[in-house]
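Structure data follow from target-v3.txt (compact mmCIF, C-alpha atoms and all ligand atoms):
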```
# COMPACT_ATOMS: atom_id res chain seq x y z
CA MET A 1 -36.02 -2.13 -24.74
CA SER A 2 -33.15 -1.33 -22.44
CA VAL A 3 -35.31 -0.42 -19.44
CA ARG A 4 -38.02 -2.29 -17.57
CA TYR A 5 -41.44 -0.77 -17.27
CA ASP A 6 -43.49 -3.54 -15.81
CA TYR A 7 -44.15 -2.52 -12.23
CA ARG A 8 -45.45 0.38 -10.20
CA GLU A 9 -44.09 2.64 -7.51
CA ASP A 10 -46.60 5.15 -6.16
CA ASP A 11 -47.71 7.15 -9.17
CA ARG A 12 -44.94 5.87 -11.39
CA VAL A 13 -44.85 2.88 -13.63
CA PHE A 14 -41.22 2.26 -13.08
CA PRO A 15 -39.28 4.20 -14.28
CA TYR A 16 -41.81 6.48 -15.93
CA PRO A 17 -43.91 9.17 -14.27
CA ARG A 18 -47.62 8.65 -14.78
CA GLU A 19 -47.92 12.10 -16.31
CA LEU A 20 -45.48 11.19 -19.10
CA LEU A 21 -47.33 7.96 -19.92
CA LEU A 22 -50.65 9.76 -20.08
CA ARG A 23 -49.19 12.47 -22.24
CA LEU A 24 -47.81 9.93 -24.70
CA TYR A 25 -51.15 8.17 -24.84
CA HIS A 26 -53.11 11.38 -25.22
CA THR A 27 -50.93 12.52 -28.12
CA MET A 28 -51.34 9.21 -29.94
CA LEU A 29 -55.08 9.28 -29.34
CA LYS A 30 -55.31 12.84 -30.66
CA ILE A 31 -53.56 11.81 -33.85
CA ARG A 32 -55.67 8.67 -34.31
CA MET A 33 -58.95 10.50 -33.75
CA PHE A 34 -57.93 13.42 -35.98
CA GLU A 35 -57.22 11.02 -38.84
CA GLU A 36 -60.44 9.07 -38.22
CA LYS A 37 -62.36 12.34 -38.39
CA ILE A 38 -60.84 13.05 -41.78
CA ILE A 39 -61.88 9.59 -42.96
CA GLU A 40 -65.42 10.42 -41.81
CA VAL A 41 -65.74 13.84 -43.46
CA TYR A 42 -63.69 13.33 -46.62
CA PRO A 43 -66.42 11.63 -48.72
CA VAL A 44 -68.52 14.84 -48.53
CA GLN A 45 -65.89 16.27 -50.91
CA ASP A 46 -65.70 19.73 -49.41
CA MET A 47 -62.17 19.01 -48.15
CA ARG A 48 -60.38 19.00 -51.46
CA CYS A 49 -56.67 18.78 -50.66
CA PRO A 50 -54.94 15.38 -50.83
CA VAL A 51 -54.47 13.77 -47.40
CA HIS A 52 -51.80 11.23 -46.45
CA LEU A 53 -52.99 9.59 -43.27
CA TYR A 54 -50.71 8.63 -40.39
CA ILE A 55 -52.84 5.95 -38.72
CA GLY A 56 -50.59 3.14 -37.49
CA GLN A 57 -47.51 5.33 -37.10
CA GLU A 58 -48.66 7.44 -34.11
CA ALA A 59 -46.00 6.17 -31.70
CA VAL A 60 -43.20 7.78 -33.71
CA ALA A 61 -44.49 11.35 -33.65
CA ALA A 62 -45.59 11.07 -30.00
CA GLY A 63 -42.42 9.37 -28.76
CA VAL A 64 -40.11 11.86 -30.44
CA CYS A 65 -41.94 15.15 -29.90
CA VAL A 66 -42.50 14.68 -26.17
CA ASN A 67 -38.74 15.23 -25.85
CA LEU A 68 -38.83 18.59 -27.62
CA ASN A 69 -39.45 22.14 -26.48
CA LYS A 70 -41.86 24.43 -28.27
CA GLU A 71 -38.87 26.33 -29.75
CA ASP A 72 -37.24 23.21 -31.21
CA TYR A 73 -37.72 22.71 -34.93
CA ILE A 74 -39.32 19.82 -36.75
CA PHE A 75 -39.48 19.22 -40.48
CA SER A 76 -41.88 16.78 -42.00
CA THR A 77 -43.32 15.41 -45.19
CA HIS A 78 -46.56 14.91 -47.10
CA ARG A 79 -47.54 12.59 -44.19
CA ASN A 80 -47.27 15.28 -41.54
CA HIS A 81 -50.50 15.42 -39.52
CA GLY A 82 -49.12 13.33 -36.65
CA HIS A 83 -45.92 15.35 -36.36
CA CYS A 84 -47.78 18.67 -36.31
CA ILE A 85 -50.29 17.49 -33.70
CA ALA A 86 -47.53 16.05 -31.52
CA LYS A 87 -45.61 19.34 -31.75
CA GLY A 88 -48.61 21.33 -30.63
CA SER A 89 -50.49 22.50 -33.74
CA ASP A 90 -54.11 23.49 -33.30
CA PHE A 91 -56.91 21.26 -34.65
CA ARG A 92 -58.95 24.25 -35.79
CA LEU A 93 -56.19 25.89 -37.80
CA MET A 94 -55.21 22.57 -39.34
CA MET A 95 -58.74 21.80 -40.44
CA ALA A 96 -59.21 25.34 -41.76
CA GLU A 97 -56.08 24.82 -43.86
CA PHE A 98 -57.35 21.49 -45.16
CA TYR A 99 -60.60 23.21 -46.18
CA GLY A 100 -58.57 25.85 -48.05
CA LYS A 101 -59.65 28.67 -45.75
CA LYS A 102 -58.11 32.02 -44.96
CA THR A 103 -57.68 31.28 -41.24
CA GLY A 104 -55.74 28.06 -41.88
CA TYR A 105 -52.04 27.71 -41.12
CA CYS A 106 -51.05 28.75 -44.66
CA LYS A 107 -54.07 30.96 -45.29
CA GLY A 108 -55.55 28.12 -47.30
CA LYS A 109 -52.74 28.02 -49.85
CA GLY A 110 -50.86 24.98 -48.60
CA GLY A 111 -53.35 22.26 -47.78
CA SER A 112 -52.48 19.20 -45.76
CA MET A 113 -49.04 18.62 -47.27
CA HIS A 114 -47.62 22.09 -46.69
CA MET A 115 -48.04 22.93 -43.05
CA VAL A 116 -46.31 25.90 -41.48
CA ASP A 117 -46.68 26.68 -37.77
CA PRO A 118 -43.62 28.69 -36.70
CA GLU A 119 -44.95 29.30 -33.18
CA ASN A 120 -44.63 25.58 -32.59
CA GLY A 121 -41.29 25.25 -34.39
CA ILE A 122 -42.74 23.95 -37.64
CA LEU A 123 -41.05 26.02 -40.32
CA GLY A 124 -42.44 23.91 -43.10
CA THR A 125 -43.41 20.47 -44.24
CA SER A 126 -42.62 19.46 -47.76
CA ALA A 127 -44.16 17.10 -50.27
CA ILE A 128 -40.82 16.95 -52.08
CA VAL A 129 -39.62 13.57 -50.89
CA GLY A 130 -36.41 14.14 -48.91
CA GLY A 131 -36.88 17.91 -49.13
CA GLY A 132 -37.14 18.56 -45.41
CA ILE A 133 -33.93 16.74 -44.47
CA PRO A 134 -31.37 19.32 -45.65
CA ILE A 135 -33.52 22.14 -44.30
CA ALA A 136 -33.38 20.57 -40.83
CA VAL A 137 -29.61 20.45 -41.18
CA GLY A 138 -29.71 24.12 -42.15
CA THR A 139 -31.66 25.16 -39.05
CA ALA A 140 -29.32 23.02 -36.94
CA LEU A 141 -26.37 24.91 -38.44
CA ALA A 142 -28.14 28.21 -37.67
CA SER A 143 -28.74 27.08 -34.08
CA THR A 144 -25.06 26.23 -33.71
CA LEU A 145 -23.96 29.60 -35.08
CA MET A 146 -26.49 31.53 -33.02
CA ARG A 147 -26.05 29.31 -29.94
CA ASP A 148 -29.81 29.28 -29.39
CA GLY A 149 -29.85 25.78 -27.89
CA ARG A 150 -32.53 24.52 -30.26
CA VAL A 151 -32.65 21.01 -31.66
CA SER A 152 -33.90 20.25 -35.16
CA VAL A 153 -35.67 17.01 -36.03
CA ALA A 154 -36.18 15.72 -39.57
CA PHE A 155 -39.02 13.23 -39.96
CA PHE A 156 -39.02 11.35 -43.26
CA GLY A 157 -39.93 8.01 -44.79
CA ASP A 158 -38.02 5.01 -46.08
CA GLY A 159 -38.52 6.35 -49.61
CA ALA A 160 -36.82 9.62 -48.66
CA SER A 161 -33.83 7.67 -47.38
CA GLU A 162 -33.13 6.79 -51.01
CA GLU A 163 -32.72 10.41 -52.11
CA GLY A 164 -29.31 11.99 -52.63
CA THR A 165 -30.10 14.87 -50.28
CA PHE A 166 -30.40 12.37 -47.43
CA PHE A 167 -26.80 11.21 -47.69
CA GLU A 168 -25.42 14.71 -48.25
CA SER A 169 -27.32 15.91 -45.19
CA LEU A 170 -26.02 13.09 -42.99
CA ASN A 171 -22.44 13.83 -44.00
CA PHE A 172 -22.63 17.56 -43.38
CA ALA A 173 -24.41 17.11 -40.04
CA VAL A 174 -21.73 14.74 -38.75
CA LEU A 175 -18.91 16.88 -40.11
CA LYS A 176 -20.20 19.97 -38.30
CA ARG A 177 -21.56 18.09 -35.23
CA LEU A 178 -24.95 19.69 -35.73
CA PRO A 179 -27.85 19.44 -33.26
CA VAL A 180 -30.14 17.44 -35.51
CA VAL A 181 -31.98 14.15 -35.11
CA PHE A 182 -32.84 12.15 -38.22
CA VAL A 183 -36.02 10.13 -37.69
CA CYS A 184 -36.73 7.71 -40.51
CA GLU A 185 -40.19 6.15 -40.42
CA ASN A 186 -39.70 2.91 -42.25
CA ASN A 187 -43.23 1.82 -43.13
CA PHE A 188 -41.79 -0.44 -45.85
CA TYR A 189 -43.51 1.35 -48.74
CA ALA A 190 -42.85 4.37 -50.93
CA THR A 191 -46.25 4.94 -52.54
CA ASN A 192 -46.97 1.40 -53.72
CA SER A 193 -43.39 0.14 -54.02
CA PRO A 194 -42.33 -2.21 -51.23
CA ILE A 195 -38.83 -1.74 -49.88
CA SER A 196 -38.02 -5.34 -50.87
CA GLN A 197 -38.21 -4.25 -54.51
CA ARG A 198 -36.11 -1.15 -53.98
CA GLN A 199 -33.28 -2.22 -51.69
CA PRO A 200 -31.14 -5.33 -51.37
CA ASP A 201 -31.26 -4.93 -47.58
CA PRO A 202 -34.35 -3.53 -45.83
CA ASP A 203 -32.35 -2.33 -42.78
CA ILE A 204 -31.92 1.36 -43.48
CA VAL A 205 -29.86 1.78 -40.33
CA LYS A 206 -27.05 -0.30 -41.87
CA ARG A 207 -26.62 2.17 -44.70
CA VAL A 208 -26.25 5.03 -42.23
CA GLU A 209 -23.80 3.45 -39.80
CA GLY A 210 -20.77 4.37 -41.89
CA TYR A 211 -21.41 8.09 -41.39
CA GLY A 212 -20.13 7.95 -37.82
CA MET A 213 -23.09 8.95 -35.69
CA PRO A 214 -25.18 6.93 -33.24
CA CYS A 215 -27.63 4.85 -35.25
CA VAL A 216 -30.41 2.70 -33.92
CA GLN A 217 -33.35 0.70 -35.21
CA VAL A 218 -36.41 0.65 -32.97
CA ASP A 219 -39.88 -0.82 -32.88
CA GLY A 220 -41.73 2.22 -34.17
CA ASN A 221 -45.01 0.85 -32.80
CA ASN A 222 -43.74 0.92 -29.22
CA VAL A 223 -44.00 4.49 -28.02
CA LEU A 224 -41.69 3.90 -25.07
CA SER A 225 -38.93 2.47 -27.27
CA VAL A 226 -39.22 5.49 -29.55
CA TYR A 227 -39.29 7.81 -26.53
CA GLU A 228 -36.12 6.29 -25.04
CA GLU A 229 -34.07 6.52 -28.21
CA ALA A 230 -35.33 10.00 -29.09
CA LYS A 231 -34.53 11.19 -25.57
CA LYS A 232 -30.91 10.11 -25.92
CA ALA A 233 -30.64 11.65 -29.37
CA VAL A 234 -32.20 14.97 -28.34
CA GLU A 235 -30.02 15.21 -25.23
CA ARG A 236 -26.95 14.47 -27.28
CA ALA A 237 -27.86 17.12 -29.84
CA ARG A 238 -28.64 19.68 -27.17
CA ALA A 239 -25.33 19.03 -25.44
CA GLY A 240 -23.47 19.89 -28.67
CA ARG A 241 -22.39 16.30 -29.31
CA GLY A 242 -23.83 16.06 -32.79
CA PRO A 243 -26.52 14.24 -34.75
CA SER A 244 -28.14 10.83 -34.37
CA PHE A 245 -30.17 8.59 -36.63
CA ILE A 246 -33.23 6.58 -35.57
CA GLU A 247 -34.97 4.09 -37.86
CA CYS A 248 -38.49 3.44 -36.60
CA ARG A 249 -40.09 0.34 -38.09
CA THR A 250 -43.79 0.86 -38.45
CA TYR A 251 -46.70 0.53 -40.89
CA ARG A 252 -49.37 2.76 -42.39
CA TRP A 253 -52.85 1.34 -42.22
CA ARG A 254 -54.50 3.31 -45.03
CA GLY A 255 -53.54 3.77 -48.66
CA HIS A 256 -50.65 6.03 -49.60
CA VAL A 257 -52.99 8.95 -50.24
CA GLY A 258 -56.64 9.47 -49.41
CA PRO A 259 -58.78 7.98 -46.68
CA GLU A 260 -59.37 4.56 -48.24
CA GLU A 261 -57.64 1.25 -47.71
CA ASP A 262 -55.64 0.00 -50.67
CA PHE A 263 -55.70 -3.78 -50.36
CA GLU A 264 -58.49 -4.44 -52.78
CA LYS A 265 -56.56 -2.54 -55.42
CA GLY A 266 -53.78 -5.10 -54.98
CA CYS A 267 -51.26 -2.63 -53.58
CA ARG A 268 -50.30 -4.86 -50.63
CA PRO A 269 -51.47 -8.08 -49.01
CA LYS A 270 -54.24 -7.76 -46.44
CA GLU A 271 -52.51 -10.35 -44.21
CA GLU A 272 -49.62 -7.92 -43.83
CA LEU A 273 -51.94 -5.25 -42.43
CA ASP A 274 -53.62 -7.79 -40.16
CA GLU A 275 -50.25 -8.67 -38.63
CA TRP A 276 -49.40 -5.02 -38.05
CA MET A 277 -52.83 -4.25 -36.62
CA LYS A 278 -52.14 -6.75 -33.86
CA ARG A 279 -49.26 -4.47 -33.00
CA CYS A 280 -51.43 -1.35 -32.90
CA PRO A 281 -49.36 1.32 -31.13
CA LEU A 282 -52.41 2.89 -29.52
CA LYS A 283 -54.34 -0.16 -28.37
CA ASN A 284 -51.29 -1.93 -26.94
CA PHE A 285 -50.20 1.13 -25.02
CA GLU A 286 -53.75 1.71 -23.81
CA ASP A 287 -53.81 -1.81 -22.35
CA PHE A 288 -50.42 -1.21 -20.77
CA ILE A 289 -51.41 1.99 -18.98
CA VAL A 290 -54.76 0.59 -17.87
CA ASN A 291 -53.20 -2.65 -16.60
CA ASN A 292 -50.67 -0.61 -14.67
CA ARG A 293 -53.46 1.49 -13.17
CA CYS A 294 -52.29 4.79 -14.66
CA ILE A 295 -55.84 5.40 -15.80
CA THR A 296 -59.16 3.56 -15.85
CA ARG A 297 -61.10 2.54 -18.95
CA GLU A 298 -63.65 5.19 -17.95
CA GLY A 299 -60.86 7.76 -17.86
CA ILE A 300 -59.89 6.75 -21.40
CA GLU A 301 -63.51 7.04 -22.55
CA LYS A 302 -63.67 10.53 -21.07
CA MET A 303 -60.52 11.53 -22.97
CA LYS A 304 -62.09 10.23 -26.17
CA GLU A 305 -65.32 12.12 -25.57
CA GLU A 306 -63.45 15.37 -24.99
CA LEU A 307 -61.40 14.94 -28.13
CA ALA A 308 -64.50 14.09 -30.17
CA VAL A 309 -66.05 17.42 -29.12
CA GLU A 310 -62.85 19.28 -30.01
CA LEU A 311 -62.71 17.63 -33.41
CA ASP A 312 -66.34 18.38 -34.25
CA ASP A 313 -65.65 21.97 -33.28
CA ALA A 314 -62.56 22.04 -35.54
CA ILE A 315 -64.50 20.67 -38.50
CA ALA A 316 -67.29 23.21 -37.99
CA TYR A 317 -64.67 25.94 -37.70
CA GLY A 318 -62.86 24.83 -40.86
CA ARG A 319 -66.05 24.56 -42.87
CA SER A 320 -67.42 27.93 -41.84
CA ALA A 321 -64.15 29.91 -41.97
CA PRO A 322 -63.88 32.56 -44.71
CA GLU A 323 -62.40 31.75 -48.11
CA PRO A 324 -59.22 33.62 -49.12
CA ARG A 325 -59.92 36.47 -51.54
CA GLU A 326 -58.74 36.34 -55.12
CA GLU A 327 -56.58 39.46 -54.78
CA GLU A 328 -54.61 37.74 -51.99
CA VAL A 329 -53.36 34.97 -54.23
CA PHE A 330 -49.85 36.41 -54.58
CA ASP A 331 -49.52 37.56 -50.95
CA ASP A 332 -46.75 35.73 -49.09
CA VAL A 333 -45.38 34.37 -52.36
CA TYR A 334 -41.76 35.28 -52.85
CA CYS A 335 -40.40 35.96 -56.31
CA GLU A 336 -37.94 38.24 -58.05
CA GLU A 337 -39.50 41.23 -59.75
C1 LIG B 401 -38.62 14.23 -55.09
C2 LIG B 401 -39.92 13.50 -55.20
N1 LIG B 401 -39.96 12.34 -55.88
C3 LIG B 401 -41.12 11.66 -55.99
C4 LIG B 401 -42.28 12.14 -55.42
C5 LIG B 401 -43.60 11.36 -55.51
N2 LIG B 401 -43.85 10.75 -54.19
C6 LIG B 401 -44.70 11.32 -53.32
S1 LIG B 401 -44.78 10.47 -51.86
C7 LIG B 401 -43.71 9.32 -52.43
C8 LIG B 401 -43.31 8.13 -51.56
C9 LIG B 401 -42.63 8.53 -50.31
O1 LIG B 401 -42.36 7.38 -49.56
P1 LIG B 401 -41.77 7.52 -48.12
O2 LIG B 401 -40.65 8.48 -48.10
O3 LIG B 401 -41.47 6.14 -47.65
O4 LIG B 401 -42.96 8.16 -47.26
P2 LIG B 401 -44.39 7.52 -46.88
O5 LIG B 401 -45.34 7.94 -47.95
O6 LIG B 401 -44.23 6.06 -46.77
O7 LIG B 401 -44.73 8.17 -45.59
C10 LIG B 401 -43.29 9.59 -53.72
C11 LIG B 401 -42.34 8.76 -54.49
C12 LIG B 401 -42.20 13.37 -54.74
N3 LIG B 401 -43.26 13.91 -54.14
N4 LIG B 401 -41.00 14.03 -54.62
MG MG B 402 -42.61 4.82 -46.60
```
Go through the file and emit its structure as structure tokens.
Amino acid sequence: MSVRYDYREDDRVFPYPRELLLRLYHTMLKIRMFEEKIIEVYPVQDMRCPVHLYIGQEAVAAGVCVNLNKEDYIFSTHRNHGHCIAKGSDFRLMMAEFYGKKTGYCKGKGGSMHMVDPENGILGTSAIVGGGIPIAVGTALASTLMRDGRVSVAFFGDGASEEGTFFESLNFAVLKRLPVVFVCENNFYATNSPISQRQPDPDIVKRVEGYGMPCVQVDGNNVLSVYEEAKKAVERARAGRGPSFIECRTYRWRGHVGPEEDFEKGCRPKEELDEWMKRCPLKNFEDFIVNNRCITREGIEKMKEELAVELDDAIAYGRSAPEPREEEVFDDVYCEE
């Protein structure tokens, strides 16, 4: 990290305002508890869409999105819950979508992988690996032409950084100095393939450097490191100085898809997870803010209790919401006559 954050001044943990630290923590906690709730309810089998859980990666979504305005755009992937929550999506409407209900974000037609929440700048998340990256470049081009001052952020994984669209998007964004931030969450796996078996060099940032934009690799489990780099990138984009690339090194705790762990199936070594769990983005940051007297442990417990109530309410809402009707199946579907 380039800045120190180890002492206090009044209500700041130098140089950060207390309010910012609490907001970052609260966002990560929301994401963690949302995913844990899905793990709890999923075995009942009334939530039928596939879910790709974000536990372990919370610091990336929280650290980036705190720098964005409601109007700014984000694009995400099959693993999108954290990004949507950090950008402001509503628990109830997310859960209703996951239960396939009419009041969900896509009227029950998208499920977890295909979230759309335009009010919060989420024009779409795509399960097509790498699919969101050129679309973010497209909205950034639109923002430049319309001078609307918006920034676009593309979140994607290490696997997506191996798609052709990724490289084409980087080139065009640099060429046109577009207000876009590329955030690659390198969790070292694309489904069950480790990056060591896919790339001669696991540093994604090195492959991007030649495109001529600021590129940085950060500890994706340290929310303040992510925050600092994202802040610079967003400011740069907003000032019309072009795109940036951030590689966030992190790790997903659950299997690629579904609520279970995948170690017993032989997908990855358990020791690897154990190492990453010691670097839990939430727990470590919680200790940091408590030790710096931003909040007490009781204050944290209160936050957790409030979120637990909200999540129970969202599950009840999702379960009891009306089903879409059969005659609505082609509504909002665009096709040539
Ligand atoms: C174009 C395309 N190719 C393959 C797939 C199948 N697929 C779904 S997720 C995934 C892995 C993606 O890995 P990564 O980008 O690292 O994201 P992560 O799951 O680690 O978050 C693959 C290959 C797909 N959905 N789309
Ligand atoms: Mg990955």
For the interface of chain A with ligand LIG 401 (chain B) (cut-off 7 Å, counting only C-alpha atoms and all ligand atoms), please tabulate each contacting residue of chain A alongside its nearest pair of atoms and their separation in Å to one decimal, rows sorted by chain and increasing number, as CSV.
```
residue,atom,partner,partner_atom,distance
A:His78,CA,B:LIG401,S1,6.7
A:Arg79,CA,B:LIG401,O7,5.4
A:Ala127,CA,B:LIG401,N3,5.1
A:Ile128,CA,B:LIG401,N4,3.9
A:Val129,CA,B:LIG401,N4,4.0
A:Gly130,CA,B:LIG401,C1,6.6
A:Phe156,CA,B:LIG401,O2,5.9
A:Gly157,CA,B:LIG401,O2,3.4
A:Asp158,CA,B:LIG401,O3,4.0
A:Gly159,CA,B:LIG401,O2,3.4
A:Ala160,CA,B:LIG401,O2,4.0
A:Ser161,CA,B:LIG401,O2,6.9
A:Asn186,CA,B:LIG401,O3,6.5
A:Asn187,CA,B:LIG401,O6,5.7
A:Phe188,CA,B:LIG401,O3,6.8
A:Tyr189,CA,B:LIG401,O6,5.2
A:Ala190,CA,B:LIG401,O1,3.3
A:Thr191,CA,B:LIG401,C8,4.4
A:His256,CA,B:LIG401,O5,5.9
```
In terms of the shortest atom-to-atom distance over only C-alpha atoms, which of A:Lys265, A:Arg23, A:Lys176, A:His81 is closest to Leu141 of chain A? A:Lys176
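With only C-alpha atoms taken into account, the protein and nucleic acid residues at most 6 Å from segment 244-247 of chain A (excluding it and anything under 2 positions from it in its own chain) are A:Val181, A:Phe182, A:Val183, A:Cys184, A:Met213, A:Pro214, A:Cys215, A:Val216, A:Gln217, A:Ala233.
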Since we have the selection now, will you write its residues out, keeping C-alpha atoms, as a PDB file, keeping the file's coordinate frame?
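What ended up in selection-v7.pdb:
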```pdb
ATOM      1  CA  VAL A 181     -31.980  14.150 -35.110  1.00  0.00           C
ATOM      2  CA  PHE A 182     -32.840  12.150 -38.220  1.00  0.00           C
ATOM      3  CA  VAL A 183     -36.020  10.130 -37.690  1.00  0.00           C
ATOM      4  CA  CYS A 184     -36.730   7.710 -40.510  1.00  0.00           C
ATOM      5  CA  MET A 213     -23.090   8.950 -35.690  1.00  0.00           C
ATOM      6  CA  PRO A 214     -25.180   6.930 -33.240  1.00  0.00           C
ATOM      7  CA  CYS A 215     -27.630   4.850 -35.250  1.00  0.00           C
ATOM      8  CA  VAL A 216     -30.410   2.700 -33.920  1.00  0.00           C
ATOM      9  CA  GLN A 217     -33.350   0.700 -35.210  1.00  0.00           C
ATOM     10  CA  ALA A 233     -30.640  11.650 -29.370  1.00  0.00           C
TER      11      ALA A 233
END
```
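Residues with any atom within 7 Å of Ala61 of chain A, counting all atoms listed in the file and excluding same-chain neighbours fewer than 6 positions away, are Gly82, His83 and Ala86 of chain A.
Residue nearest ligand MG 402 (chain B) within the list A:Gly210, A:Pro43, A:Pro134, A:Pro202: A:Pro202 [criterion: smallest interatomic distance, all atoms listed in the file].
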To one decimal place, how far is atom CA of Glu19 of chain A from atom CA of Ala154 of chain A in Å? 26.3 Å
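Closest approach to Phe288 of chain A among A:Val223, A:Met113, A:Ile85, A:Leu311 is made by A:Val223 (distances from only C-alpha atoms).
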Using all atoms listed in the file, pick whichever of A:Lys30, A:Arg198, A:Lys206, A:Arg147 has the shortest atom-to-atom distance to ligand MG 402 (chain B). A:Arg198
Within-9 Å shell of (-29.0, 11.2, -28.3) in input frame, all atoms listed in the file, as a ChimeraX atom specification: /A:181,214,229-238,241-245
Enter the distance from atom CA of Ile315 of chain A to atom CA of Val333 of chain A, in Å, rounded to one decimal. 27.3 Å
Residue contacts of Asp90 of chain A (10 Å, only C-alpha atoms) excluding same-chain residues fewer than 5 positions away, as a list in words: Cys84, Ile85, Met95, Gly104, Tyr105, Asp117, Asn120 and Ala314 of chain A
Could you give me, as a VMD selection string, the residues within 7 Å of Gly56 of chain A, counting all atoms listed in the file and dropping anything in the same chain fewer than 2 positions from it? chain A and resid 54 58 251 to 253 280 to 281
Reconstructed N, CA, C and O atoms for segment 15-29 of chain A, given as a PDB file, in the frame of the given file:
```pdb
ATOM      1  N   PRO A  15     -39.776   3.004 -14.949  1.00  0.00           N
ATOM      2  CA  PRO A  15     -39.280   4.200 -14.280  1.00  0.00           C
ATOM      3  C   PRO A  15     -39.999   5.479 -14.742  1.00  0.00           C
ATOM      4  O   PRO A  15     -39.466   6.573 -14.608  1.00  0.00           O
ATOM      5  N   TYR A  16     -41.180   5.325 -15.287  1.00  0.00           N
ATOM      6  CA  TYR A  16     -41.810   6.480 -15.930  1.00  0.00           C
ATOM      7  C   TYR A  16     -42.854   7.155 -15.047  1.00  0.00           C
ATOM      8  O   TYR A  16     -43.712   6.477 -14.480  1.00  0.00           O
ATOM      9  N   PRO A  17     -42.830   8.478 -14.976  1.00  0.00           N
ATOM     10  CA  PRO A  17     -43.910   9.170 -14.270  1.00  0.00           C
ATOM     11  C   PRO A  17     -45.238   8.966 -15.001  1.00  0.00           C
ATOM     12  O   PRO A  17     -45.271   8.911 -16.231  1.00  0.00           O
ATOM     13  N   ARG A  18     -46.290   8.855 -14.220  1.00  0.00           N
ATOM     14  CA  ARG A  18     -47.620   8.650 -14.780  1.00  0.00           C
ATOM     15  C   ARG A  18     -47.967   9.741 -15.794  1.00  0.00           C
ATOM     16  O   ARG A  18     -48.542   9.485 -16.850  1.00  0.00           O
ATOM     17  N   GLU A  19     -47.592  10.961 -15.457  1.00  0.00           N
ATOM     18  CA  GLU A  19     -47.920  12.100 -16.310  1.00  0.00           C
ATOM     19  C   GLU A  19     -47.331  11.931 -17.725  1.00  0.00           C
ATOM     20  O   GLU A  19     -47.973  12.240 -18.722  1.00  0.00           O
ATOM     21  N   LEU A  20     -46.119  11.401 -17.791  1.00  0.00           N
ATOM     22  CA  LEU A  20     -45.480  11.190 -19.100  1.00  0.00           C
ATOM     23  C   LEU A  20     -46.251  10.131 -19.905  1.00  0.00           C
ATOM     24  O   LEU A  20     -46.523  10.310 -21.101  1.00  0.00           O
ATOM     25  N   LEU A  21     -46.618   9.037 -19.222  1.00  0.00           N
ATOM     26  CA  LEU A  21     -47.330   7.960 -19.920  1.00  0.00           C
ATOM     27  C   LEU A  21     -48.671   8.458 -20.456  1.00  0.00           C
ATOM     28  O   LEU A  21     -49.054   8.165 -21.593  1.00  0.00           O
ATOM     29  N   LEU A  22     -49.352   9.239 -19.637  1.00  0.00           N
ATOM     30  CA  LEU A  22     -50.650   9.760 -20.080  1.00  0.00           C
ATOM     31  C   LEU A  22     -50.485  10.752 -21.227  1.00  0.00           C
ATOM     32  O   LEU A  22     -51.294  10.799 -22.149  1.00  0.00           O
ATOM     33  N   ARG A  23     -49.425  11.500 -21.163  1.00  0.00           N
ATOM     34  CA  ARG A  23     -49.190  12.470 -22.240  1.00  0.00           C
ATOM     35  C   ARG A  23     -48.906  11.746 -23.561  1.00  0.00           C
ATOM     36  O   ARG A  23     -49.423  12.122 -24.618  1.00  0.00           O
ATOM     37  N   LEU A  24     -48.108  10.703 -23.483  1.00  0.00           N
ATOM     38  CA  LEU A  24     -47.810   9.930 -24.700  1.00  0.00           C
ATOM     39  C   LEU A  24     -49.100   9.332 -25.266  1.00  0.00           C
ATOM     40  O   LEU A  24     -49.356   9.383 -26.477  1.00  0.00           O
ATOM     41  N   TYR A  25     -49.907   8.776 -24.381  1.00  0.00           N
ATOM     42  CA  TYR A  25     -51.150   8.170 -24.840  1.00  0.00           C
ATOM     43  C   TYR A  25     -52.075   9.224 -25.450  1.00  0.00           C
ATOM     44  O   TYR A  25     -52.650   9.027 -26.525  1.00  0.00           O
ATOM     45  N   HIS A  26     -52.197  10.329 -24.761  1.00  0.00           N
ATOM     46  CA  HIS A  26     -53.110  11.380 -25.220  1.00  0.00           C
ATOM     47  C   HIS A  26     -52.690  11.879 -26.597  1.00  0.00           C
ATOM     48  O   HIS A  26     -53.530  12.096 -27.482  1.00  0.00           O
ATOM     49  N   THR A  27     -51.403  12.045 -26.804  1.00  0.00           N
ATOM     50  CA  THR A  27     -50.930  12.520 -28.120  1.00  0.00           C
ATOM     51  C   THR A  27     -51.263  11.505 -29.208  1.00  0.00           C
ATOM     52  O   THR A  27     -51.753  11.873 -30.287  1.00  0.00           O
ATOM     53  N   MET A  28     -51.027  10.235 -28.921  1.00  0.00           N
ATOM     54  CA  MET A  28     -51.340   9.210 -29.940  1.00  0.00           C
ATOM     55  C   MET A  28     -52.836   9.169 -30.223  1.00  0.00           C
ATOM     56  O   MET A  28     -53.257   9.027 -31.379  1.00  0.00           O
ATOM     57  N   LEU A  29     -53.624   9.309 -29.167  1.00  0.00           N
ATOM     58  CA  LEU A  29     -55.080   9.280 -29.340  1.00  0.00           C
ATOM     59  C   LEU A  29     -55.550  10.484 -30.166  1.00  0.00           C
ATOM     60  O   LEU A  29     -56.407  10.356 -31.049  1.00  0.00           O
TER      61      LEU A  29
END
```
